[in-house]
>>> print(open('model-v2.cif').read())   # mmCIF, C-alpha atoms
data_data
#
loop_
_atom_site.group_PDB
_atom_site.id
_atom_site.type_symbol
_atom_site.label_atom_id
_atom_site.label_comp_id
_atom_site.auth_asym_id
_atom_site.auth_seq_id
_atom_site.Cartn_x
_atom_site.Cartn_y
_atom_site.Cartn_z
ATOM 1 C CA MET A 1 -228.173 117.991 -211.139
ATOM 2 C CA MET A 2 -226.249 119.243 -208.124
ATOM 3 C CA PHE A 3 -223.159 121.413 -208.339
ATOM 4 C CA ILE A 4 -220.777 122.015 -205.468
ATOM 5 C CA TYR A 5 -218.824 125.193 -205.970
ATOM 6 C CA GLY A 6 -215.460 126.058 -204.505
ATOM 7 C CA LEU A 7 -213.957 122.529 -204.545
ATOM 8 C CA ARG A 8 -211.115 121.789 -206.938
ATOM 9 C CA ARG A 9 -209.118 118.630 -207.470
ATOM 10 C CA THR A 10 -205.688 118.769 -205.858
ATOM 11 C CA THR A 11 -202.905 118.380 -208.399
ATOM 12 C CA SER A 12 -199.865 116.184 -207.803
ATOM 13 C CA ALA A 13 -197.692 119.297 -207.567
ATOM 14 C CA GLN A 14 -199.967 120.721 -204.874
ATOM 15 C CA GLU A 15 -199.918 117.420 -203.000
ATOM 16 C CA THR A 16 -196.122 117.528 -203.052
ATOM 17 C CA LEU A 17 -196.175 121.023 -201.573
ATOM 18 C CA ILE A 18 -198.631 119.931 -198.891
ATOM 19 C CA ASP A 19 -196.468 116.948 -197.964
ATOM 20 C CA ALA A 20 -193.385 119.170 -197.830
ATOM 21 C CA SER A 21 -195.233 121.632 -195.615
ATOM 22 C CA LYS A 22 -196.260 118.825 -193.254
ATOM 23 C CA ASN A 23 -192.698 117.553 -193.100
ATOM 24 C CA ASN A 24 -191.367 121.030 -192.381
ATOM 25 C CA LEU A 25 -193.931 121.452 -189.619
ATOM 26 C CA LYS A 26 -192.879 118.120 -188.157
ATOM 27 C CA GLU A 27 -189.228 119.154 -188.289
ATOM 28 C CA ARG A 28 -190.010 122.379 -186.462
ATOM 29 C CA ALA A 29 -191.802 120.437 -183.738
ATOM 30 C CA MET A 30 -188.799 118.203 -183.091
ATOM 31 C CA THR A 31 -186.620 118.532 -179.993
ATOM 32 C CA ARG A 32 -183.065 117.269 -179.724
ATOM 33 C CA TYR A 33 -182.176 115.172 -176.684
ATOM 34 C CA ILE A 34 -179.123 113.543 -175.204
ATOM 35 C CA VAL A 35 -180.281 110.123 -174.036
ATOM 36 C CA LEU A 36 -178.270 108.300 -171.365
ATOM 37 C CA LEU A 37 -178.766 104.611 -170.641
ATOM 38 C CA ARG A 38 -177.962 103.405 -167.150
ATOM 39 C CA GLY A 39 -175.999 100.237 -166.565
ATOM 40 C CA VAL A 40 -174.899 99.260 -170.084
ATOM 41 C CA MET A 41 -172.160 96.650 -169.758
ATOM 42 C CA PRO A 42 -169.858 94.929 -172.286
ATOM 43 C CA THR A 43 -171.074 91.513 -171.053
ATOM 44 C CA GLY A 44 -173.935 90.079 -169.043
ATOM 45 C CA LYS A 45 -177.635 90.858 -168.879
ATOM 46 C CA ASN A 46 -177.220 94.598 -169.622
ATOM 47 C CA ARG A 47 -175.162 94.074 -172.767
ATOM 48 C CA ILE A 48 -176.028 95.867 -175.997
ATOM 49 C CA PRO A 49 -173.956 94.042 -178.641
ATOM 50 C CA LYS A 50 -173.692 96.856 -181.186
ATOM 51 C CA MET A 51 -174.543 100.527 -180.993
ATOM 52 C CA ALA A 52 -175.272 100.360 -184.743
ATOM 53 C CA ASP A 53 -178.144 97.970 -183.993
ATOM 54 C CA LEU A 54 -179.475 100.423 -181.421
ATOM 55 C CA ARG A 55 -179.298 103.271 -183.937
ATOM 56 C CA ASP A 56 -181.115 101.222 -186.587
ATOM 57 C CA MET A 57 -183.865 100.282 -184.137
ATOM 58 C CA LEU A 58 -184.451 103.883 -183.069
ATOM 59 C CA GLU A 59 -184.505 105.120 -186.661
ATOM 60 C CA ARG A 60 -187.079 102.466 -187.603
ATOM 61 C CA GLU A 61 -189.262 103.792 -184.800
ATOM 62 C CA GLY A 62 -189.245 107.296 -186.258
ATOM 63 C CA PHE A 63 -186.478 109.020 -184.313
ATOM 64 C CA LEU A 64 -184.413 111.366 -186.449
ATOM 65 C CA HIS A 65 -180.686 112.170 -186.676
ATOM 66 C CA VAL A 66 -179.825 109.297 -184.328
ATOM 67 C CA ARG A 67 -176.177 109.124 -183.274
ATOM 68 C CA THR A 68 -174.424 107.109 -180.596
ATOM 69 C CA TYR A 69 -171.135 107.626 -178.788
ATOM 70 C CA ILE A 70 -168.964 104.810 -177.402
ATOM 71 C CA GLN A 71 -170.384 101.625 -175.941
ATOM 72 C CA SER A 72 -171.680 102.913 -172.602
ATOM 73 C CA GLY A 73 -175.138 103.910 -173.833
ATOM 74 C CA ASN A 74 -175.012 107.511 -175.072
ATOM 75 C CA ILE A 75 -177.444 108.649 -177.759
ATOM 76 C CA VAL A 76 -178.270 111.939 -179.453
ATOM 77 C CA LEU A 77 -181.551 112.093 -181.369
ATOM 78 C CA ASP A 78 -184.463 114.279 -182.449
ATOM 79 C CA THR A 79 -188.059 113.520 -181.480
ATOM 80 C CA ASP A 80 -191.455 115.120 -180.985
ATOM 81 C CA LEU A 81 -191.860 113.331 -177.637
ATOM 82 C CA ASN A 82 -191.289 115.036 -174.313
ATOM 83 C CA ALA A 83 -188.526 113.760 -172.030
ATOM 84 C CA PRO A 84 -190.590 111.353 -169.850
ATOM 85 C CA ALA A 85 -192.329 109.826 -172.875
ATOM 86 C CA LEU A 86 -189.006 109.514 -174.699
ATOM 87 C CA CYS A 87 -187.400 107.707 -171.748
ATOM 88 C CA ALA A 88 -190.318 105.302 -171.466
ATOM 89 C CA LYS A 89 -190.319 104.533 -175.188
ATOM 90 C CA VAL A 90 -186.566 103.967 -175.458
ATOM 91 C CA ASN A 91 -186.652 101.700 -172.394
ATOM 92 C CA ALA A 92 -189.526 99.662 -173.849
ATOM 93 C CA LEU A 93 -187.912 99.371 -177.290
ATOM 94 C CA ILE A 94 -184.587 98.161 -175.912
ATOM 95 C CA LYS A 95 -186.308 95.661 -173.639
ATOM 96 C CA GLN A 96 -188.465 94.339 -176.484
ATOM 97 C CA GLU A 97 -185.913 94.302 -179.307
ATOM 98 C CA ILE A 98 -182.573 93.703 -177.559
ATOM 99 C CA GLY A 99 -183.353 92.380 -174.085
ATOM 100 C CA PRO A 100 -181.915 94.552 -171.271
ATOM 101 C CA ASP A 101 -184.267 96.533 -169.043
ATOM 102 C CA LEU A 102 -182.223 99.738 -168.921
ATOM 103 C CA PRO A 103 -183.331 102.886 -167.110
ATOM 104 C CA VAL A 104 -183.142 105.976 -169.335
ATOM 105 C CA ILE A 105 -182.442 109.658 -168.685
ATOM 106 C CA ALA A 106 -182.945 112.402 -171.281
ATOM 107 C CA LEU A 107 -181.871 116.032 -171.275
ATOM 108 C CA THR A 108 -181.759 118.765 -173.876
ATOM 109 C CA PRO A 109 -178.506 120.214 -175.225
ATOM 110 C CA GLU A 110 -179.240 123.440 -173.353
ATOM 111 C CA GLU A 111 -179.635 121.544 -170.091
ATOM 112 C CA LEU A 112 -176.376 119.667 -170.637
ATOM 113 C CA ASP A 113 -174.529 122.859 -171.582
ATOM 114 C CA ASN A 114 -175.774 124.547 -168.406
ATOM 115 C CA LEU A 115 -174.634 121.629 -166.250
ATOM 116 C CA LEU A 116 -171.209 121.618 -167.888
ATOM 117 C CA SER A 117 -170.852 125.366 -167.422
ATOM 118 C CA ALA A 118 -171.610 124.942 -163.717
ATOM 119 C CA GLN A 119 -168.820 122.387 -163.237
ATOM 120 C CA PRO A 120 -167.266 123.594 -159.950
ATOM 121 C CA PHE A 121 -163.749 122.159 -159.939
ATOM 122 C CA ALA A 122 -160.905 124.545 -160.711
ATOM 123 C CA GLY A 123 -157.555 123.751 -162.248
ATOM 124 C CA ASP A 124 -156.332 121.544 -165.066
ATOM 125 C CA LEU A 125 -157.852 118.275 -163.855
ATOM 126 C CA ASN A 126 -157.801 114.940 -165.618
ATOM 127 C CA GLY A 127 -161.185 114.821 -167.345
ATOM 128 C CA SER A 128 -161.438 111.070 -166.822
ATOM 129 C CA ARG A 129 -161.497 111.749 -163.068
ATOM 130 C CA VAL A 130 -164.204 114.432 -163.105
ATOM 131 C CA PHE A 131 -167.731 112.990 -163.096
ATOM 132 C CA LEU A 132 -171.267 114.278 -163.521
ATOM 133 C CA THR A 133 -174.164 112.244 -162.170
ATOM 134 C CA PHE A 134 -177.438 112.882 -163.997
ATOM 135 C CA PHE A 135 -181.053 112.288 -162.945
ATOM 136 C CA MET A 136 -184.536 113.511 -163.770
ATOM 137 C CA GLY A 137 -186.059 116.273 -161.652
ATOM 138 C CA GLU A 138 -184.361 117.867 -158.650
ATOM 139 C CA LEU A 139 -182.812 116.478 -155.482
ATOM 140 C CA ASP A 140 -184.440 116.921 -152.090
ATOM 141 C CA LYS A 141 -182.724 119.797 -150.271
ATOM 142 C CA GLY A 142 -182.832 118.108 -146.886
ATOM 143 C CA THR A 143 -181.144 114.974 -148.215
ATOM 144 C CA MET A 144 -178.578 117.136 -150.012
ATOM 145 C CA THR A 145 -177.711 118.924 -146.761
ATOM 146 C CA SER A 146 -177.224 115.740 -144.737
ATOM 147 C CA PHE A 147 -175.246 113.995 -147.484
ATOM 148 C CA ALA A 148 -172.973 117.020 -147.975
ATOM 149 C CA GLU A 149 -171.854 116.754 -144.337
ATOM 150 C CA LYS A 150 -170.082 113.459 -145.022
ATOM 151 C CA THR A 151 -166.400 113.300 -145.931
ATOM 152 C CA TRP A 152 -164.847 111.109 -148.600
ATOM 153 C CA GLY A 153 -161.073 111.377 -148.153
ATOM 154 C CA GLU A 154 -159.403 112.793 -151.259
ATOM 155 C CA ASP A 155 -162.619 112.561 -153.257
ATOM 156 C CA GLN A 156 -164.497 115.813 -153.738
ATOM 157 C CA LEU A 157 -168.255 116.063 -154.029
ATOM 158 C CA VAL A 158 -170.459 119.021 -154.983
ATOM 159 C CA LEU A 159 -174.228 118.622 -154.840
ATOM 160 C CA THR A 160 -176.672 120.755 -156.822
ATOM 161 C CA PRO A 161 -180.408 120.249 -157.309
ATOM 162 C CA ARG A 162 -179.928 119.115 -160.952
ATOM 163 C CA CYS A 163 -176.528 117.401 -160.964
ATOM 164 C CA ILE A 164 -173.918 115.801 -158.708
ATOM 165 C CA TYR A 165 -170.300 116.684 -159.486
ATOM 166 C CA MET A 166 -167.391 114.546 -158.309
ATOM 167 C CA TYR A 167 -163.639 114.707 -158.589
ATOM 168 C CA LEU A 168 -162.245 111.241 -157.879
ATOM 169 C CA PRO A 169 -158.433 111.325 -158.166
ATOM 170 C CA ALA A 170 -158.100 107.529 -158.138
ATOM 171 C CA GLY A 171 -161.084 106.954 -160.404
ATOM 172 C CA MET A 172 -164.603 105.749 -159.717
ATOM 173 C CA SER A 173 -163.595 102.105 -159.343
ATOM 174 C CA GLN A 174 -161.490 103.045 -156.282
ATOM 175 C CA SER A 175 -164.035 105.398 -154.733
ATOM 176 C CA LYS A 176 -166.831 104.826 -152.236
ATOM 177 C CA LEU A 177 -168.886 107.365 -154.198
ATOM 178 C CA SER A 178 -170.450 104.860 -156.556
ATOM 179 C CA ASN A 179 -173.509 105.462 -158.700
ATOM 180 C CA THR A 180 -175.326 102.806 -156.636
ATOM 181 C CA LEU A 181 -174.547 104.590 -153.367
ATOM 182 C CA LEU A 182 -175.857 107.874 -154.743
ATOM 183 C CA GLU A 183 -179.057 106.204 -155.947
ATOM 184 C CA LYS A 184 -179.676 104.617 -152.545
ATOM 185 C CA SER A 185 -178.917 107.853 -150.714
ATOM 186 C CA PHE A 186 -181.222 110.031 -152.807
ATOM 187 C CA GLY A 187 -183.876 107.458 -153.674
ATOM 188 C CA ARG A 188 -183.875 107.879 -157.422
ATOM 189 C CA MET A 189 -182.346 106.445 -160.564
ATOM 190 C CA MET A 190 -179.090 108.088 -161.665
ATOM 191 C CA THR A 191 -176.383 107.573 -164.237
ATOM 192 C CA THR A 192 -172.839 108.929 -164.263
ATOM 193 C CA ARG A 193 -170.496 110.047 -167.051
ATOM 194 C CA ASN A 194 -167.030 111.556 -166.915
ATOM 195 C CA ILE A 195 -166.758 115.111 -168.121
ATOM 196 C CA ASN A 196 -164.920 114.121 -171.309
ATOM 197 C CA THR A 197 -167.900 112.032 -172.408
ATOM 198 C CA ALA A 198 -170.367 114.751 -171.389
ATOM 199 C CA ARG A 199 -168.477 117.369 -173.397
ATOM 200 C CA LYS A 200 -168.328 115.101 -176.432
ATOM 201 C CA LEU A 201 -172.076 114.530 -176.266
ATOM 202 C CA ALA A 202 -172.648 118.278 -176.053
ATOM 203 C CA ALA A 203 -170.480 118.735 -179.152
ATOM 204 C CA ILE A 204 -172.365 116.035 -181.071
ATOM 205 C CA ALA A 205 -175.699 117.585 -180.089
ATOM 206 C CA ALA A 206 -174.517 120.969 -181.395
ATOM 207 C CA GLU A 207 -173.711 119.617 -184.873
#
>>> encode(input="model-v2.cif", output="structure tokens")
Amino acid sequence: MMFIYGLRRTTSAQETLIDASKNNLKERAMTRYIVLLRGVMPTGKNRIPKMADLRDMLEREGFLHVRTYIQSGNIVLDTDLNAPALCAKVNALIKQEIGPDLPVIALTPEELDNLLSAQPFAGDLNGSRVFLTFFMGELDKGTMTSFAEKTWGEDQLVLTPRCIYMYLPAGMSQSKLSNTLLEKSFGRMMTTRNINTARKLAAIAAE
């Protein structure tokens, strides 16, 4: 007869503790992100009918604490993925489950807070006329220098390596500084939000 010493059957109570420990470890490994979808429209090929459907889809895929804000494609969630992997997964899920092929940008609450703190425009400006354009990585300094030499009438533009800030007194629809123009000029995907939306997302992420 063979005896193996030192091994004991795990009780149900111990299994519960082990599961709880694993869950706590998983929680500690999570990172919160603000996820921005580019090009969401109320109609047409880039339409997402209901943000509630988007939330449900992301929760089914294992994302935690998923919240959305307004219909323009703004999400706050927790995940153990890094930013590039998160963007790729969200893009693929939306394309597969809903239809639109939407580019995705993700940044942490700390990154968003830093960009908001660096907002360069002074005075009591209408928040719906102050815009932040987001992108992954940093802008090329040479392209920044040449683009900064251009003038845009009453519109004001401030370029930084991690964000483009704009004050457009007549609104974006009346400005030549469109998201599309910025993408073509800098050769990368971008998405733009007014500062009111950006501040609200920062507040949601801090909850």
>>> residues_around(input="model-v2.cif", residues="A:Leu93", least_positions_apart="6", cutoff="9 Å", atoms="all atoms listed in the file", output="list in words")
Met57, Leu58, Glu61 and Gly99 of chain A
>>> atom_distance(input="model-v2.cif", atom1="atom CA of A:Phe63", atom2="atom CA of A:Leu201")
17.4 Å
>>> residues_around(input="model-v2.cif", residues="stretch 155-160 of chain A", least_positions_apart="2", cutoff="8 Å", atoms="only C-alpha atoms", output="CSV table (one decimal) with C-alpha atoms, in the frame of the given file")
chain,number,residue,atom,x,y,z
A,120,PRO,CA,-167.3,123.6,-160.0
A,139,LEU,CA,-182.8,116.5,-155.5
A,144,MET,CA,-178.6,117.1,-150.0
A,148,ALA,CA,-173.0,117.0,-148.0
A,152,TRP,CA,-164.8,111.1,-148.6
A,153,GLY,CA,-161.1,111.4,-148.2
A,162,ARG,CA,-179.9,119.1,-161.0
A,163,CYS,CA,-176.5,117.4,-161.0
A,164,ILE,CA,-173.9,115.8,-158.7
A,165,TYR,CA,-170.3,116.7,-159.5
A,166,MET,CA,-167.4,114.5,-158.3
A,167,TYR,CA,-163.6,114.7,-158.6
A,168,LEU,CA,-162.2,111.2,-157.9
A,169,PRO,CA,-158.4,111.3,-158.2
A,175,SER,CA,-164.0,105.4,-154.7
>>> residues_around(input="model-v2.cif", residues="A:Asn82", least_positions_apart="2", cutoff="12 Å", atoms="only C-alpha atoms", output="ChimeraX atom specification")
/A:29-33,78-80,84-89,105-108
>>> axis_aligned_box(input="model-v2.cif", around="stretch 126-135 of chain A", padding_each_side="3 Å", output="JSON")
{"center_x": -169.4, "center_y": 113.0, "center_z": -164.8, "size_x": 29.3, "size_y": 9.9, "size_z": 11.2}
>>> closest_residue(input="model-v2.cif", among="A:Ser146, A:Thr191, A:Thr43, A:Ser185", to="A:Phe134", atoms="only C-alpha atoms")
A:Thr191
>>> build_atoms(input="model-v2.cif", residues="stretch 134-164 of chain A", atoms="N, CA and C atoms", output="short mmCIF file (atom, residue, chain, number, x, y, z; two decimals), in the coordinates of the input")
data_model
loop_
_atom_site.label_atom_id
_atom_site.label_comp_id
_atom_site.auth_asym_id
_atom_site.auth_seq_id
_atom_site.Cartn_x
_atom_site.Cartn_y
_atom_site.Cartn_z
N PHE A 134 -176.21 112.30 -163.45
CA PHE A 134 -177.44 112.88 -164.00
C PHE A 134 -178.66 112.15 -163.45
N PHE A 135 -179.79 112.87 -163.40
CA PHE A 135 -181.05 112.29 -162.94
C PHE A 135 -182.16 113.20 -163.45
N MET A 136 -183.39 112.72 -163.38
CA MET A 136 -184.54 113.51 -163.77
C MET A 136 -185.07 114.26 -162.54
N GLY A 137 -185.52 115.49 -162.75
CA GLY A 137 -186.06 116.27 -161.65
C GLY A 137 -184.96 116.90 -160.80
N GLU A 138 -185.31 117.22 -159.56
CA GLU A 138 -184.36 117.87 -158.65
C GLU A 138 -184.24 117.08 -157.35
N LEU A 139 -183.06 117.17 -156.74
CA LEU A 139 -182.81 116.48 -155.48
C LEU A 139 -183.50 117.18 -154.31
N ASP A 140 -183.86 116.39 -153.32
CA ASP A 140 -184.44 116.92 -152.09
C ASP A 140 -183.38 117.71 -151.31
N LYS A 141 -183.71 118.93 -150.92
CA LYS A 141 -182.72 119.80 -150.27
C LYS A 141 -182.28 119.25 -148.92
N GLY A 142 -183.20 118.66 -148.18
CA GLY A 142 -182.83 118.11 -146.89
C GLY A 142 -181.84 116.96 -147.02
N THR A 143 -182.06 116.08 -147.99
CA THR A 143 -181.14 114.97 -148.22
C THR A 143 -179.79 115.50 -148.70
N MET A 144 -179.82 116.53 -149.55
CA MET A 144 -178.58 117.14 -150.01
C MET A 144 -177.76 117.66 -148.84
N THR A 145 -178.42 118.33 -147.90
CA THR A 145 -177.71 118.92 -146.76
C THR A 145 -177.05 117.85 -145.90
N SER A 146 -177.78 116.80 -145.59
CA SER A 146 -177.22 115.74 -144.74
C SER A 146 -176.12 114.97 -145.45
N PHE A 147 -176.27 114.74 -146.74
CA PHE A 147 -175.25 114.00 -147.48
C PHE A 147 -173.98 114.83 -147.64
N ALA A 148 -174.13 116.14 -147.79
CA ALA A 148 -172.97 117.02 -147.98
C ALA A 148 -172.10 117.09 -146.74
N GLU A 149 -172.64 116.71 -145.58
CA GLU A 149 -171.85 116.75 -144.34
C GLU A 149 -170.85 115.61 -144.23
N LYS A 150 -170.99 114.60 -145.07
CA LYS A 150 -170.08 113.46 -145.02
C LYS A 150 -168.77 113.80 -145.71
N THR A 151 -167.71 113.10 -145.31
CA THR A 151 -166.40 113.30 -145.93
C THR A 151 -165.99 112.03 -146.67
N TRP A 152 -165.17 112.21 -147.70
CA TRP A 152 -164.85 111.11 -148.60
C TRP A 152 -163.35 111.05 -148.90
N GLY A 153 -162.52 111.42 -147.94
CA GLY A 153 -161.07 111.38 -148.15
C GLY A 153 -160.64 112.37 -149.21
N GLU A 154 -159.88 111.92 -150.19
CA GLU A 154 -159.40 112.79 -151.26
C GLU A 154 -160.50 113.11 -152.28
N ASP A 155 -161.54 112.33 -152.30
CA ASP A 155 -162.62 112.56 -153.26
C ASP A 155 -163.39 113.83 -152.91
N GLN A 156 -163.74 114.58 -153.93
CA GLN A 156 -164.50 115.81 -153.74
C GLN A 156 -165.89 115.66 -154.34
N LEU A 157 -166.86 116.20 -153.64
CA LEU A 157 -168.26 116.06 -154.03
C LEU A 157 -168.94 117.42 -153.94
N VAL A 158 -169.66 117.80 -154.99
CA VAL A 158 -170.46 119.02 -154.98
C VAL A 158 -171.87 118.65 -155.42
N LEU A 159 -172.83 118.94 -154.56
CA LEU A 159 -174.23 118.62 -154.84
C LEU A 159 -174.97 119.86 -155.32
N THR A 160 -175.75 119.71 -156.37
CA THR A 160 -176.67 120.76 -156.82
C THR A 160 -178.03 120.09 -157.06
N PRO A 161 -179.09 120.87 -157.11
CA PRO A 161 -180.41 120.25 -157.31
C PRO A 161 -180.53 119.44 -158.60
N ARG A 162 -179.76 119.77 -159.64
CA ARG A 162 -179.93 119.12 -160.95
C ARG A 162 -178.76 118.23 -161.36
N CYS A 163 -177.68 118.21 -160.58
CA CYS A 163 -176.53 117.40 -160.96
C CYS A 163 -175.61 117.20 -159.76
N ILE A 164 -174.94 116.05 -159.71
CA ILE A 164 -173.92 115.80 -158.71
C ILE A 164 -172.57 115.78 -159.41
#
